[in-house]
Amino acid sequence: MIGLSIVYVLAGIVFGAFAVLSALDRNNPKRIGNTIFWGLVATSFLAGDQLGDRGNGVLVLALALIAGFGWLGKGQPATTSPVERKALAERFGARLFVPALTLPLVVIFGVLVLKPLSFGGQSLLDPKQATLIALALAAVVATAVGLILLRQPLISPLQEGRRLMDTVGWAALLPQMLAALGAVFALAGVGDTIGQLVTAWIPMDSRLTAVAVYCLGMAGFTMIMGNAFAAFPVMTAGVALPILIGRFDGDPAIVASIGMLSGFCGTLMTPLAANFNLVPAALLELPNRYAVIHAQIPTALPLLLVNTGLMYVLAFR
């Protein structure tokens with residue numbers, strides 16, 4: 001059976017390639033820092049199980065030190081120039097979207113066709129991780145389609161990937177790190193503590209009050225943590241499970257899904273979500289580094305109110 005471990009191996013190989021290519025990039029004065037950083041990321045994917053909790057903790061601290069001391073730099077991969085990319089865009093036109101459209105098609109094929117398949121009584125794909133496995137397969141297929149369509153060298157996806165990772169830098173790891181931090185907080189009982197504080201200061205006898213506290217809390221805690229995946233286990237353990245689901249018999253699927261949407265509203269309004277808000281401003285060289293956030297606030301606030309209303313109406317029918 002093909003499990004999620006194959007996805008980790010694939011990701012580890014890609015980041016390992018970034019490390020090797022960074023080491024060979026003599027035009028980058030900080031190539032050693034890049035090499036070690038992406039090499040450690042590759043190690044976490046390839047050998048995280050063998051390192052154990054303490055080993056992975058040391059690895060994360062090493063990543064933080066490299067990023068914190070500014071040892072990461074932007075490399076100069078051997079890739080197409082802006083003029084060449086513009087010429088390719090004019091030449092291929094709308095066909096450039098073919099690799100991108102390949103992704104959802106392969107994912108659908110994997111979930112609807114490959115997931116039900118079994119051989120000798122054993123499933124081809126791990127049923128619990130079929131979507132993620134299909135997404136990894138889709139990435140490989142889409143890359144192959146892009147290479148064939150654009151007739152680029154085999155090394156070009158890795159060079160372009162390294163260029164993107166060097167541009168985004170350490171912020172590329174924020175979603176993974178913050179999601180892990182949320183899980184640590186949940187295991188440490190932070191969610192229970194927040195639930196106790198909330199119920200001590202806010203009366204939870206009203207269903208509307210409980211819904212508002214959860215949705216606004218998801219947005220607010222996301223703004224503090226920088227990621228909705230980090231806020232979700234804490235707020236869900238503290239408010240959603242014991243109160244919305246346990247006391248008011250809310251539908252768990254609706255409560256959880258709309259809760260995540262509320263958290264995403266917080267993502268739109270926080271500079272801590274650097275890879276979503278600050279990095280695009282830097283890439284576009286906008287004069288105001290918070291311009292993306294300012295543009296998103298008028299959308300995020302009404303959506304947060306809508307999410308609160310939807311949960312109140314839909315989760316308790």
# chains A, B, ... in the order shown; residues from 1 in each chain; ligands from 1
$ residues_around --residues "range 103-108 of chain A" --least-positions-apart "5" --cutoff "6 Å" --atoms "only C-alpha atoms" --output "PyMOL selection string"
chain A and resi 134-135+138
$ residues_around --residues "range 27-30 of chain A" --least-positions-apart "4" --cutoff "12 Å" --atoms "only C-alpha atoms" --output "ChimeraX atom specification"
/A:21-23,34-37,66-67,69-78,163,166
$ write_last_selection --atoms "N, CA and C atoms" --output "PDB file, in the first residue's frame"
ATOM      1  N   LEU A  21      22.144  22.131  -5.144  1.00  0.00           N
ATOM      2  CA  LEU A  21      22.260  23.211  -6.130  1.00  0.00           C
ATOM      3  C   LEU A  21      22.720  24.505  -5.471  1.00  0.00           C
ATOM      4  N   SER A  22      22.297  24.732  -4.230  1.00  0.00           N
ATOM      5  CA  SER A  22      22.758  25.923  -3.503  1.00  0.00           C
ATOM      6  C   SER A  22      24.256  25.838  -3.235  1.00  0.00           C
ATOM      7  N   ALA A  23      24.727  24.642  -2.893  1.00  0.00           N
ATOM      8  CA  ALA A  23      26.154  24.470  -2.631  1.00  0.00           C
ATOM      9  C   ALA A  23      26.994  24.739  -3.880  1.00  0.00           C
ATOM     10  N   ASN A  34      22.359  28.678   2.843  1.00  0.00           N
ATOM     11  CA  ASN A  34      21.259  28.077   2.088  1.00  0.00           C
ATOM     12  C   ASN A  34      21.390  26.562   2.028  1.00  0.00           C
ATOM     13  N   THR A  35      22.620  26.101   1.817  1.00  0.00           N
ATOM     14  CA  THR A  35      22.854  24.661   1.718  1.00  0.00           C
ATOM     15  C   THR A  35      22.476  23.953   3.012  1.00  0.00           C
ATOM     16  N   ILE A  36      22.939  24.501   4.131  1.00  0.00           N
ATOM     17  CA  ILE A  36      22.630  23.869   5.423  1.00  0.00           C
ATOM     18  C   ILE A  36      21.135  23.937   5.717  1.00  0.00           C
ATOM     19  N   PHE A  37      20.524  25.088   5.441  1.00  0.00           N
ATOM     20  CA  PHE A  37      19.101  25.275   5.750  1.00  0.00           C
ATOM     21  C   PHE A  37      18.240  24.277   4.980  1.00  0.00           C
ATOM     22  N   ILE A  66      19.686  29.804  11.790  1.00  0.00           N
ATOM     23  CA  ILE A  66      20.181  30.171  10.458  1.00  0.00           C
ATOM     24  C   ILE A  66      19.377  31.334   9.895  1.00  0.00           C
ATOM     25  N   ALA A  67      18.047  31.245  10.020  1.00  0.00           N
ATOM     26  CA  ALA A  67      17.201  32.327   9.511  1.00  0.00           C
ATOM     27  C   ALA A  67      17.364  33.588  10.343  1.00  0.00           C
ATOM     28  N   PHE A  69      19.896  34.712  12.125  1.00  0.00           N
ATOM     29  CA  PHE A  69      21.171  35.397  11.952  1.00  0.00           C
ATOM     30  C   PHE A  69      21.389  35.903  10.521  1.00  0.00           C
ATOM     31  N   GLY A  70      20.383  35.732   9.669  1.00  0.00           N
ATOM     32  CA  GLY A  70      20.477  36.265   8.308  1.00  0.00           C
ATOM     33  C   GLY A  70      21.455  35.541   7.424  1.00  0.00           C
ATOM     34  N   TRP A  71      21.602  34.239   7.637  1.00  0.00           N
ATOM     35  CA  TRP A  71      22.561  33.469   6.848  1.00  0.00           C
ATOM     36  C   TRP A  71      21.971  32.938   5.545  1.00  0.00           C
ATOM     37  N   LEU A  72      20.731  33.311   5.253  1.00  0.00           N
ATOM     38  CA  LEU A  72      20.113  32.893   4.001  1.00  0.00           C
ATOM     39  C   LEU A  72      20.238  34.008   2.970  1.00  0.00           C
ATOM     40  N   GLY A  73      20.512  33.630   1.737  1.00  0.00           N
ATOM     41  CA  GLY A  73      20.625  34.614   0.662  1.00  0.00           C
ATOM     42  C   GLY A  73      19.933  34.128  -0.588  1.00  0.00           C
ATOM     43  N   LYS A  74      19.698  35.033  -1.501  1.00  0.00           N
ATOM     44  CA  LYS A  74      19.017  34.697  -2.747  1.00  0.00           C
ATOM     45  C   LYS A  74      20.036  34.259  -3.788  1.00  0.00           C
ATOM     46  N   GLY A  75      19.902  33.019  -4.243  1.00  0.00           N
ATOM     47  CA  GLY A  75      20.825  32.490  -5.234  1.00  0.00           C
ATOM     48  C   GLY A  75      20.537  32.989  -6.636  1.00  0.00           C
ATOM     49  N   GLN A  76      21.353  32.585  -7.545  1.00  0.00           N
ATOM     50  CA  GLN A  76      21.190  32.948  -8.952  1.00  0.00           C
ATOM     51  C   GLN A  76      21.187  31.673  -9.788  1.00  0.00           C
ATOM     52  N   PRO A  77      20.062  30.964  -9.790  1.00  0.00           N
ATOM     53  CA  PRO A  77      20.008  29.702 -10.526  1.00  0.00           C
ATOM     54  C   PRO A  77      20.188  29.903 -12.027  1.00  0.00           C
ATOM     55  N   ALA A  78      20.719  28.868 -12.644  1.00  0.00           N
ATOM     56  CA  ALA A  78      20.870  28.891 -14.101  1.00  0.00           C
ATOM     57  C   ALA A  78      19.518  28.596 -14.727  1.00  0.00           C
ATOM     58  N   ARG A 163      14.877  28.864  -6.994  1.00  0.00           N
ATOM     59  CA  ARG A 163      14.739  30.319  -7.129  1.00  0.00           C
ATOM     60  C   ARG A 163      13.553  30.821  -6.316  1.00  0.00           C
ATOM     61  N   ASP A 166      14.366  30.441  -2.514  1.00  0.00           N
ATOM     62  CA  ASP A 166      15.320  31.457  -2.078  1.00  0.00           C
ATOM     63  C   ASP A 166      14.650  32.824  -1.971  1.00  0.00           C
TER      64      ASP A 166
END
$ select_by_dssp --residues "range 72-282 of chain A" --states "strand (DSSP E or B)" --output "NGL selection string"
:A and (118-119 or 122-123 or 125)
$ write_last_selection --atoms "N, CA, C and O atoms" --output "tab-separated table (two decimals), in the first residue's frame"
chain	number	residue	atom	x	y	z
A	118	SER	N	-7.79	-2.00	-5.16
A	118	SER	CA	-7.12	-2.85	-4.17
A	118	SER	C	-6.56	-4.08	-4.87
A	118	SER	O	-7.11	-4.53	-5.88
A	119	PHE	N	-5.48	-4.61	-4.33
A	119	PHE	CA	-4.84	-5.79	-4.88
A	119	PHE	C	-4.55	-6.76	-3.73
A	119	PHE	O	-3.92	-6.40	-2.75
A	122	GLN	N	-5.66	-5.60	-0.35
A	122	GLN	CA	-5.01	-4.42	0.23
A	122	GLN	C	-5.19	-3.23	-0.71
A	122	GLN	O	-4.99	-3.35	-1.92
A	123	SER	N	-5.55	-2.08	-0.16
A	123	SER	CA	-5.77	-0.88	-0.96
A	123	SER	C	-4.48	-0.41	-1.61
A	123	SER	O	-3.40	-0.53	-1.03
A	125	LEU	N	-3.82	2.78	-2.38
A	125	LEU	CA	-3.46	3.99	-1.66
A	125	LEU	C	-4.01	3.91	-0.24
A	125	LEU	O	-5.08	3.35	-0.01
$ residues_around --residues "Leu40 in chain A" --least-positions-apart "5" --cutoff "12 Å" --atoms "only C-alpha atoms" --output "JSON list (two decimals) with N, CA and C atoms, in the first residue's frame"
[["chain", "number", "residue", "atom", "x", "y", "z"],
["A", 12, "GLY", "N", 11.53, 15.33, 0.54],
["A", 12, "GLY", "CA", 12.90, 15.34, 1.00],
["A", 12, "GLY", "C", 13.90, 15.36, -0.14],
["A", 13, "ILE", "N", 13.61, 14.61, -1.19],
["A", 13, "ILE", "CA", 14.50, 14.59, -2.36],
["A", 13, "ILE", "C", 14.55, 15.97, -3.01],
["A", 15, "PHE", "N", 13.94, 18.98, -1.62],
["A", 15, "PHE", "CA", 14.69, 19.93, -0.79],
["A", 15, "PHE", "C", 16.18, 19.56, -0.75],
["A", 16, "GLY", "N", 16.48, 18.27, -0.81],
["A", 16, "GLY", "CA", 17.87, 17.86, -0.90],
["A", 16, "GLY", "C", 18.53, 18.38, -2.17],
["A", 17, "ALA", "N", 17.78, 18.35, -3.26],
["A", 17, "ALA", "CA", 18.30, 18.89, -4.52],
["A", 17, "ALA", "C", 18.53, 20.40, -4.41],
["A", 18, "PHE", "N", 17.62, 21.10, -3.71],
["A", 18, "PHE", "CA", 17.83, 22.53, -3.50],
["A", 18, "PHE", "C", 19.14, 22.78, -2.74],
["A", 19, "ALA", "N", 19.40, 21.93, -1.75],
["A", 19, "ALA", "CA", 20.63, 22.09, -0.96],
["A", 19, "ALA", "C", 21.87, 21.88, -1.83],
["A", 20, "VAL", "N", 21.86, 20.84, -2.65],
["A", 20, "VAL", "CA", 23.00, 20.55, -3.51],
["A", 20, "VAL", "C", 23.22, 21.68, -4.52],
["A", 33, "GLY", "N", 24.91, 28.95, 4.00],
["A", 33, "GLY", "CA", 23.71, 29.02, 4.83],
["A", 33, "GLY", "C", 22.52, 28.38, 4.14],
["A", 34, "ASN", "N", 22.36, 28.68, 2.84],
["A", 34, "ASN", "CA", 21.26, 28.08, 2.09],
["A", 34, "ASN", "C", 21.39, 26.56, 2.03],
["A", 35, "THR", "N", 22.62, 26.10, 1.82],
["A", 35, "THR", "CA", 22.85, 24.66, 1.72],
["A", 35, "THR", "C", 22.48, 23.95, 3.01],
["A", 45, "PHE", "N", 12.34, 15.64, 6.42],
["A", 45, "PHE", "CA", 11.39, 14.84, 5.65],
["A", 45, "PHE", "C", 11.88, 13.40, 5.47],
["A", 46, "LEU", "N", 13.17, 13.24, 5.25],
["A", 46, "LEU", "CA", 13.70, 11.92, 4.94],
["A", 46, "LEU", "C", 13.96, 11.07, 6.18],
["A", 47, "ALA", "N", 14.32, 11.71, 7.28],
["A", 47, "ALA", "CA", 14.74, 10.93, 8.45],
["A", 47, "ALA", "C", 14.11, 11.45, 9.74],
["A", 48, "GLY", "N", 13.00, 12.17, 9.65],
["A", 48, "GLY", "CA", 12.37, 12.71, 10.84],
["A", 48, "GLY", "C", 11.98, 11.65, 11.85],
["A", 51, "LEU", "N", 15.03, 10.56, 13.82],
["A", 51, "LEU", "CA", 15.63, 11.57, 14.69],
["A", 51, "LEU", "C", 14.96, 11.63, 16.06],
["A", 55, "GLY", "N", 15.67, 15.14, 18.53],
["A", 55, "GLY", "CA", 16.44, 15.43, 17.33],
["A", 55, "GLY", "C", 15.72, 16.41, 16.43],
["A", 56, "ASN", "N", 14.41, 16.23, 16.26],
["A", 56, "ASN", "CA", 13.65, 17.16, 15.43],
["A", 56, "ASN", "C", 13.59, 18.54, 16.07],
["A", 57, "GLY", "N", 13.53, 18.59, 17.40],
["A", 57, "GLY", "CA", 13.54, 19.88, 18.08],
["A", 57, "GLY", "C", 14.84, 20.63, 17.85],
["A", 58, "VAL", "N", 15.96, 19.92, 17.94],
["A", 58, "VAL", "CA", 17.26, 20.54, 17.67],
["A", 58, "VAL", "C", 17.33, 21.02, 16.23],
["A", 59, "LEU", "N", 16.80, 20.22, 15.32],
["A", 59, "LEU", "CA", 16.80, 20.59, 13.91],
["A", 59, "LEU", "C", 16.03, 21.89, 13.69],
["A", 60, "VAL", "N", 14.86, 22.01, 14.31],
["A", 60, "VAL", "CA", 14.05, 23.22, 14.17],
["A", 60, "VAL", "C", 14.78, 24.43, 14.76],
["A", 61, "LEU", "N", 15.45, 24.24, 15.89],
["A", 61, "LEU", "CA", 16.21, 25.34, 16.48],
["A", 61, "LEU", "C", 17.35, 25.78, 15.56],
["A", 62, "ALA", "N", 17.98, 24.80, 14.90],
["A", 62, "ALA", "CA", 19.06, 25.13, 13.96],
["A", 62, "ALA", "C", 18.50, 25.94, 12.78],
["A", 63, "LEU", "N", 17.33, 25.55, 12.28],
["A", 63, "LEU", "CA", 16.70, 26.31, 11.20],
["A", 63, "LEU", "C", 16.41, 27.74, 11.63],
["A", 64, "ALA", "N", 15.90, 27.89, 12.87],
["A", 64, "ALA", "CA", 15.59, 29.22, 13.37],
["A", 64, "ALA", "C", 16.85, 30.08, 13.52],
["A", 66, "ILE", "N", 19.69, 29.80, 11.79],
["A", 66, "ILE", "CA", 20.18, 30.17, 10.46],
["A", 66, "ILE", "C", 19.38, 31.33, 9.89],
["A", 173, "LEU", "N", 8.47, 27.93, 5.32],
["A", 173, "LEU", "CA", 8.24, 26.88, 6.31],
["A", 173, "LEU", "C", 7.24, 27.28, 7.39]]
$ residues_around --residues "Ala256 in chain A" --least-positions-apart "4" --cutoff "9 Å" --atoms "only C-alpha atoms" --output "count of residues only"
7
$ closest_residue --among "A:Gln50, A:Gln152, A:Thr43, A:Thr299" --to "Leu10 in chain A" --atoms "only C-alpha atoms"
A:Thr43
$ atom_distance --atom1 "CA of Ala274 in chain A" --atom2 "CA of Ser156 in chain A"
26.8 Å
$ residues_around --residues "Met223 in chain A" --least-positions-apart "3" --cutoff "6 Å" --atoms "only C-alpha atoms" --output "MDAnalysis selection string"
chainID A and resid 220 226 266 270
$ residues_around --residues "Leu150 in chain A" --least-positions-apart "5" --cutoff "9 Å" --atoms "only C-alpha atoms" --output "VMD selection string"
chain A and resid 88 92 96 145
$ write_last_selection --atoms "N, CA, C and O atoms" --output "mmCIF file, in the first residue's frame"
data_model
loop_
_atom_site.group_PDB
_atom_site.id
_atom_site.type_symbol
_atom_site.label_atom_id
_atom_site.label_comp_id
_atom_site.auth_asym_id
_atom_site.auth_seq_id
_atom_site.Cartn_x
_atom_site.Cartn_y
_atom_site.Cartn_z
ATOM 1 N N LEU A 88 8.593 33.058 -24.044
ATOM 2 C CA LEU A 88 7.890 31.784 -23.912
ATOM 3 C C LEU A 88 6.397 31.998 -23.688
ATOM 4 O O LEU A 88 5.562 31.264 -24.226
ATOM 5 N N PHE A 92 3.603 30.420 -26.210
ATOM 6 C CA PHE A 92 2.685 29.341 -25.833
ATOM 7 C C PHE A 92 1.300 29.843 -25.432
ATOM 8 O O PHE A 92 0.351 29.070 -25.458
ATOM 9 N N LEU A 96 0.133 27.651 -21.478
ATOM 10 C CA LEU A 96 0.908 27.670 -20.241
ATOM 11 C C LEU A 96 0.089 27.184 -19.049
ATOM 12 O O LEU A 96 0.639 26.768 -18.030
ATOM 13 N N VAL A 145 4.470 17.189 -17.601
ATOM 14 C CA VAL A 145 3.727 17.835 -18.688
ATOM 15 C C VAL A 145 4.365 19.173 -19.050
ATOM 16 O O VAL A 145 4.510 19.509 -20.229
#
$ closest_residue --among "A:Val41, A:Val14, A:Val9, A:Met225" --to "Gln159 in chain A" --atoms "only C-alpha atoms"
A:Val14
